[in-house]
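Peer 1: Okay, handing you the structure first.
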Amino acid sequence: MSHETQVLLDRVVLVKVEANIYGARKKLKKEDLVLADGSKLPPEDLASLGSKRLLDPDKLTVFNRLKKEAERICLRVGTRFLGGFAVPVESAASITVELERIGLDFAAAKTEFIAGYDAAVTDWVVRHPEFAGIIEQAVDSVEFVSTRLSFDFLVVSVGLPDRLPPADVARLESKIGSLSEQMFYEISVEANQLIEQSLLGKEQVTRNALRPIRRMRDKLDGLGFLDHRVAPVVATIDDLLARIPNKGAIEGGILQEILATAMLLSDPDKTRRHGEGLLATQLPVVDETEVVIEYAESEPPAVLVVPTAPTPVIAESAADSPDFTDLFDGIFDDELEAETVTTSDDWALDILLEKCQTDLKTGNDTDESNSSEHSAEPATVTAGDDKEADDSDQDYWF
């Protein structure tokens with residue numbers, strides 16, 4: 001196993017959610033159907049009859065909801081992997097707490113369902129009296145149904161034995177290598193839902209629209225070790241969130257930036273290219289040219305006077321001209337050309353990369369004016385929690 005693969009495995013745990021839900025269905029048989037004289041059913045190799053319900057499916061909705069909630073909790077900070085979810089090690093404890101709560105809710109719902117199971121079946125028969133016979137002959141016992149309702153989860157570390165065939169090692173490394181691709185895909189699904197349900201055609205939105213943006217940002221930040229192109233994308237989102245007003249509806253230019261960012265995140269390929277483009281536009285560190293200073297000897301004075309300080313003379317590194325105006329012309333042309341090629345495909349990328357380039361230019365001008373008085377460490381802005389009073393419990397799509 002490569003060192004990079006082992007490093008990734010050391011930074012994640014595998015969370016397996018095991019939710020078994022009773023289907024309350026049985027296969028529909030030929031004898032369950034009442035056919036008109038002369039009618040004929042197609043053979044089984046041509047068509048199947050499907051299934052019949054044994055009780056109202058709404059009675060099982062709570063179990064499906066809890067299962068999906070458990071999956072959303074894992075996907076909030078992790079990504080799908082080996083039939084479970086790869087979650088950062090530092091997030092495992094908080095995930096465990098929430099999954100334990102869901103387990104208790106699932107157990108309470110199961111107790112209530114089992115207690116009312118017979119009544120639910122009877123009600124279903126009453127609602128479909130003409131098919132009472134085919135329902136009653138397929139009903140399962142309460143004891144059997146109880147074994148088909150369960151919820152549990154496991155949190156384990158992923159590793160390989162010391163000795164394993166090369167093919168198995170390559171297979172796992174292939175799965176590990178696809179983690180970042182899966183992460184970007186999951187981000188794109190959530191971004192598309194945000195666009196379709198909350199942003200398109202809106203002149204203004206409430207601050208609830210920021211929730212999925214923050215969720216996507218936190219997920220990318222937590223799994224940033226999967227792909228080096230993630231960090232610049234997170235920085236882009238941080239910059240956007242930092243400029244959003246703390247109160248009131250979101251509209252105008254800032255809403256268009258949110259839409260552009262969501263459209264960028266909705267395409268995995270463009271998200272990766274955006275991160276790569278931002279990395280390419282970061283100015284390289286230029287070594288300061290060593291300046292040699294010589295002091296000219298003063299001419300012997302004609303009259304005895306108090307000697308003055310020697311006059312400094314800067315040695316010219318260009319033989320013919322002391323003018324340094326054009327010395328650095330064109331040094332960054334390659335980077336600018338690369339940026340143009342990278343960002344010309346869609347308007348969302350153009351907006352974001354153009355803004356990033358402007359920020360970089362502004363930052364460089366500031367550094368030149370302050371020389372050595374301040375360090376050049378970049379400041380990272382992290383979005384704060386949304387504590388607004390209008391932050392309702394409405395779930396929307398998310």
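If you're wondering about the labels, chains in the structure tokens are A, B, ... by order shown, residues count from 1 in each chain, ligands from 1 in order shown.
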Would you kindly return, as a list in words, each protein, DNA or RNA residue with an atom no farther than 9 Å from any atom of A:Leu259, considering only C-alpha atoms and excluding same-chain residues fewer than 2 positions away?

Peer 2: Ile195, Leu199, Leu200, Ile254, Leu255, Gln256, Glu257, Thr261, Ala262, Met263, Leu264 and Ala348 of chain A

Peer 1: Let's have the selection written as a tab-separated table (two decimals), in the first residue's frame, with N, CA and C atoms.

Peer 2:
chain	number	residue	atom	x	y	z
A	195	ILE	N	-30.13	25.19	-5.98
A	195	ILE	CA	-30.45	26.04	-7.13
A	195	ILE	C	-31.91	25.88	-7.54
A	199	LEU	N	-33.09	29.10	-5.32
A	199	LEU	CA	-32.42	30.25	-5.92
A	199	LEU	C	-32.96	30.67	-7.28
A	200	LEU	N	-33.26	29.73	-8.14
A	200	LEU	CA	-33.66	30.08	-9.51
A	200	LEU	C	-34.94	30.92	-9.51
A	254	ILE	N	-25.20	40.36	-4.24
A	254	ILE	CA	-24.74	39.28	-3.37
A	254	ILE	C	-25.53	38.01	-3.62
A	255	LEU	N	-26.82	38.14	-3.98
A	255	LEU	CA	-27.63	36.97	-4.33
A	255	LEU	C	-27.12	36.35	-5.63
A	256	GLN	N	-26.71	37.19	-6.58
A	256	GLN	CA	-26.16	36.66	-7.82
A	256	GLN	C	-24.85	35.93	-7.58
A	257	GLU	N	-24.05	36.41	-6.63
A	257	GLU	CA	-22.81	35.70	-6.29
A	257	GLU	C	-23.11	34.35	-5.66
A	261	THR	N	-21.94	30.84	-7.21
A	261	THR	CA	-21.19	29.86	-6.42
A	261	THR	C	-21.90	28.51	-6.41
A	262	ALA	N	-23.23	28.53	-6.25
A	262	ALA	CA	-23.99	27.29	-6.26
A	262	ALA	C	-23.90	26.60	-7.62
A	263	MET	N	-23.93	27.37	-8.71
A	263	MET	CA	-23.80	26.78	-10.04
A	263	MET	C	-22.42	26.19	-10.24
A	264	LEU	N	-21.42	26.83	-9.68
A	264	LEU	CA	-20.06	26.27	-9.75
A	264	LEU	C	-20.00	24.94	-9.02
A	348	ALA	N	-20.10	31.43	-14.38
A	348	ALA	CA	-19.88	31.32	-12.94
A	348	ALA	C	-18.40	31.29	-12.61

Peer 1: Could you list, with a cut-off of 9 Å and counting only C-alpha atoms, the residues of stretch 156-208 of chain A near stretch 246-249 of chain A, each shown with its nearest atom pair and the distance in Å rounded to one decimal, rows sorted by chain and ascending number, as a tab-separated table?

Peer 2:
residue	atom	partner	partner_atom	distance
A:Gln204	CA	A:Ala249	CA	6.3
A:Val205	CA	A:Ala249	CA	5.9
A:Thr206	CA	A:Ala249	CA	5.1
A:Arg207	CA	A:Ala249	CA	6.7

Peer 1: Those residues with all heavy atoms, as a tab-separated table (two decimals), in the first residue's frame please?

Peer 2:
chain	number	residue	atom	x	y	z
A	204	GLN	N	-35.06	37.76	-4.24
A	204	GLN	CA	-34.50	37.80	-2.90
A	204	GLN	C	-34.81	36.49	-2.19
A	204	GLN	O	-35.76	35.80	-2.52
A	204	GLN	CB	-35.03	38.98	-2.08
A	204	GLN	CG	-36.52	38.92	-1.79
A	204	GLN	CD	-36.98	40.07	-0.90
A	204	GLN	OE1	-36.34	41.11	-0.82
A	204	GLN	NE2	-38.09	39.87	-0.22
A	205	VAL	N	-33.96	36.13	-1.23
A	205	VAL	CA	-34.15	34.90	-0.46
A	205	VAL	C	-33.91	35.21	1.01
A	205	VAL	O	-33.29	36.22	1.37
A	205	VAL	CB	-33.18	33.78	-0.91
A	205	VAL	CG1	-33.46	33.37	-2.35
A	205	VAL	CG2	-31.73	34.21	-0.74
A	206	THR	N	-34.43	34.33	1.87
A	206	THR	CA	-34.18	34.49	3.30
A	206	THR	C	-32.83	33.89	3.64
A	206	THR	O	-32.18	33.23	2.81
A	206	THR	CB	-35.27	33.79	4.12
A	206	THR	OG1	-35.16	32.37	3.92
A	206	THR	CG2	-36.65	34.26	3.69
A	207	ARG	N	-32.42	34.08	4.87
A	207	ARG	CA	-31.12	33.57	5.30
A	207	ARG	C	-31.11	32.05	5.43
A	207	ARG	O	-30.04	31.45	5.59
A	207	ARG	CB	-30.73	34.23	6.62
A	207	ARG	CG	-30.58	35.76	6.50
A	207	ARG	CD	-30.15	36.37	7.81
A	207	ARG	NE	-28.87	35.86	8.24
A	207	ARG	CZ	-27.70	36.28	7.77
A	207	ARG	NH1	-27.67	37.21	6.82
A	207	ARG	NH2	-26.57	35.78	8.21

Peer 1: So that I can check the secondary structure, give me every residue of stretch 24-117 of chain A assigned alpha helix (DSSP H) by backbone DSSP, as number ranges by chain.

Peer 2: A: 61-77, 92-115, 117

Peer 1: Once you have the residues from the selection above, write them out as a compact mmCIF listing (two decimals), in the first residue's frame, restricted to N, CA and C atoms.

Peer 2:
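After the write, again.txt holds the following:
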# COMPACT_ATOMS: atom_id res chain seq x y z
N THR A 61 -43.64 4.93 7.49
CA THR A 61 -42.93 6.15 7.06
C THR A 61 -41.89 6.59 8.08
N VAL A 62 -42.19 6.48 9.36
CA VAL A 62 -41.29 6.94 10.40
C VAL A 62 -39.95 6.22 10.34
N PHE A 63 -39.95 4.94 10.01
CA PHE A 63 -38.71 4.17 9.96
C PHE A 63 -37.85 4.59 8.77
N ASN A 64 -38.48 4.82 7.64
CA ASN A 64 -37.73 5.30 6.48
C ASN A 64 -37.16 6.69 6.72
N ARG A 65 -37.94 7.52 7.41
CA ARG A 65 -37.45 8.87 7.72
C ARG A 65 -36.22 8.83 8.62
N LEU A 66 -36.24 7.98 9.63
CA LEU A 66 -35.10 7.88 10.55
C LEU A 66 -33.87 7.33 9.84
N LYS A 67 -34.06 6.38 8.94
CA LYS A 67 -32.92 5.84 8.19
C LYS A 67 -32.29 6.93 7.32
N LYS A 68 -33.12 7.70 6.62
CA LYS A 68 -32.58 8.77 5.78
C LYS A 68 -31.91 9.85 6.62
N GLU A 69 -32.45 10.12 7.79
CA GLU A 69 -31.82 11.12 8.67
C GLU A 69 -30.44 10.65 9.09
N ALA A 70 -30.29 9.37 9.41
CA ALA A 70 -28.98 8.84 9.78
C ALA A 70 -27.99 8.98 8.63
N GLU A 71 -28.44 8.73 7.42
CA GLU A 71 -27.56 8.87 6.26
C GLU A 71 -27.18 10.33 6.03
N ARG A 72 -28.13 11.25 6.21
CA ARG A 72 -27.82 12.67 6.04
C ARG A 72 -26.80 13.14 7.07
N ILE A 73 -26.90 12.64 8.29
CA ILE A 73 -25.96 13.02 9.33
C ILE A 73 -24.54 12.59 8.94
N CYS A 74 -24.42 11.39 8.40
CA CYS A 74 -23.10 10.91 7.98
C CYS A 74 -22.59 11.67 6.76
N LEU A 75 -23.49 11.98 5.83
CA LEU A 75 -23.08 12.70 4.61
C LEU A 75 -22.77 14.16 4.88
N ARG A 76 -23.24 14.69 6.01
CA ARG A 76 -22.98 16.08 6.33
C ARG A 76 -21.48 16.35 6.46
N VAL A 77 -20.74 15.38 6.98
CA VAL A 77 -19.30 15.56 7.17
C VAL A 77 -18.48 14.50 6.45
N ALA A 92 -15.98 11.77 14.37
CA ALA A 92 -16.60 10.49 14.72
C ALA A 92 -17.42 10.58 16.00
N ALA A 93 -16.92 11.29 17.00
CA ALA A 93 -17.62 11.36 18.29
C ALA A 93 -18.98 12.02 18.15
N SER A 94 -19.04 13.14 17.43
CA SER A 94 -20.32 13.84 17.27
C SER A 94 -21.29 13.03 16.43
N ILE A 95 -20.80 12.31 15.44
CA ILE A 95 -21.65 11.45 14.62
C ILE A 95 -22.25 10.34 15.48
N THR A 96 -21.43 9.75 16.34
CA THR A 96 -21.90 8.67 17.21
C THR A 96 -23.05 9.13 18.11
N VAL A 97 -22.92 10.32 18.66
CA VAL A 97 -23.97 10.84 19.54
C VAL A 97 -25.29 10.96 18.80
N GLU A 98 -25.26 11.48 17.58
CA GLU A 98 -26.50 11.67 16.82
C GLU A 98 -27.09 10.33 16.37
N LEU A 99 -26.25 9.38 16.02
CA LEU A 99 -26.75 8.07 15.61
C LEU A 99 -27.36 7.32 16.79
N GLU A 100 -26.81 7.50 17.98
CA GLU A 100 -27.40 6.89 19.17
C GLU A 100 -28.79 7.46 19.44
N ARG A 101 -28.96 8.75 19.22
CA ARG A 101 -30.29 9.36 19.38
C ARG A 101 -31.28 8.77 18.39
N ILE A 102 -30.85 8.60 17.14
CA ILE A 102 -31.73 8.02 16.14
C ILE A 102 -32.08 6.57 16.51
N GLY A 103 -31.13 5.85 17.06
CA GLY A 103 -31.41 4.49 17.50
C GLY A 103 -32.51 4.44 18.56
N LEU A 104 -32.49 5.37 19.49
CA LEU A 104 -33.54 5.43 20.52
C LEU A 104 -34.89 5.78 19.90
N ASP A 105 -34.90 6.73 18.96
CA ASP A 105 -36.15 7.09 18.29
C ASP A 105 -36.70 5.91 17.48
N PHE A 106 -35.80 5.16 16.85
CA PHE A 106 -36.22 4.00 16.06
C PHE A 106 -36.84 2.94 16.97
N ALA A 107 -36.22 2.69 18.12
CA ALA A 107 -36.74 1.69 19.05
C ALA A 107 -38.11 2.09 19.57
N ALA A 108 -38.30 3.39 19.86
CA ALA A 108 -39.61 3.86 20.34
C ALA A 108 -40.68 3.70 19.26
N ALA A 109 -40.33 4.01 18.02
CA ALA A 109 -41.28 3.87 16.91
C ALA A 109 -41.62 2.39 16.68
N LYS A 110 -40.64 1.52 16.85
CA LYS A 110 -40.89 0.09 16.68
C LYS A 110 -41.88 -0.42 17.73
N THR A 111 -41.68 -0.01 18.97
CA THR A 111 -42.58 -0.44 20.04
C THR A 111 -44.01 -0.02 19.75
N GLU A 112 -44.17 1.21 19.28
CA GLU A 112 -45.51 1.71 18.97
C GLU A 112 -46.12 0.96 17.78
N PHE A 113 -45.28 0.68 16.76
CA PHE A 113 -45.79 -0.02 15.58
C PHE A 113 -46.22 -1.45 15.91
N ILE A 114 -45.42 -2.17 16.68
CA ILE A 114 -45.74 -3.55 17.04
C ILE A 114 -47.04 -3.60 17.86
N ALA A 115 -47.19 -2.62 18.75
CA ALA A 115 -48.40 -2.59 19.58
C ALA A 115 -49.65 -2.40 18.74
N TYR A 117 -49.89 -3.25 15.41
CA TYR A 117 -49.78 -4.00 14.15
C TYR A 117 -51.09 -4.70 13.77

Peer 1: Record the distance separating atom CA of A:Asp123 and atom CA of A:Leu54, expressed in Å with one decimal.

Peer 2: 10.3 Å

Peer 1: Which residues are close to stretch 83-85 of chain A, i.e. within 6 Å by only C-alpha atoms, leaving aside same-chain residues fewer than 5 positions away? Reply as a list in words.

Peer 2: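 The filter keeps Leu14, Val15, Lys16 and Gly78 of chain A.
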
Peer 1: Residues within 10 Å of A:Val158, please, as a list in words. Count only C-alpha atoms; anything in the same chain fewer than 6 positions from it doesn't count.

Peer 2: Gln6, Leu8, Leu9, Asp10, Arg11, Val12, Val13, Leu14, Leu82 and Ala86 of chain A

Peer 1: At what distance in Å, to one decimal, does atom CA of A:Lys52 lie from atom CA of A:Leu33?

Peer 2: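 Answer for the atom CA of A:Leu33 to atom CA of A:Lys52 separation: 11.1 Å.
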
Peer 1: Can you tell me how far atom CA of A:Pro43 sits from atom CA of A:Lys27, in Å to one decimal?

Peer 2: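 Between atom CA of A:Pro43 and atom CA of A:Lys27 the gap is 15.6 Å.
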
Peer 1: In terms of the shortest atom-to-atom distance over only C-alpha atoms, which of A:Pro232, A:Gly50, A:Gly222, A:Gly116 is closest to A:Asp32?

Peer 2: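 Checking each of A:Pro232, A:Gly50, A:Gly222, A:Gly116 against A:Asp32, counting only C-alpha atoms, the winner is A:Gly50.
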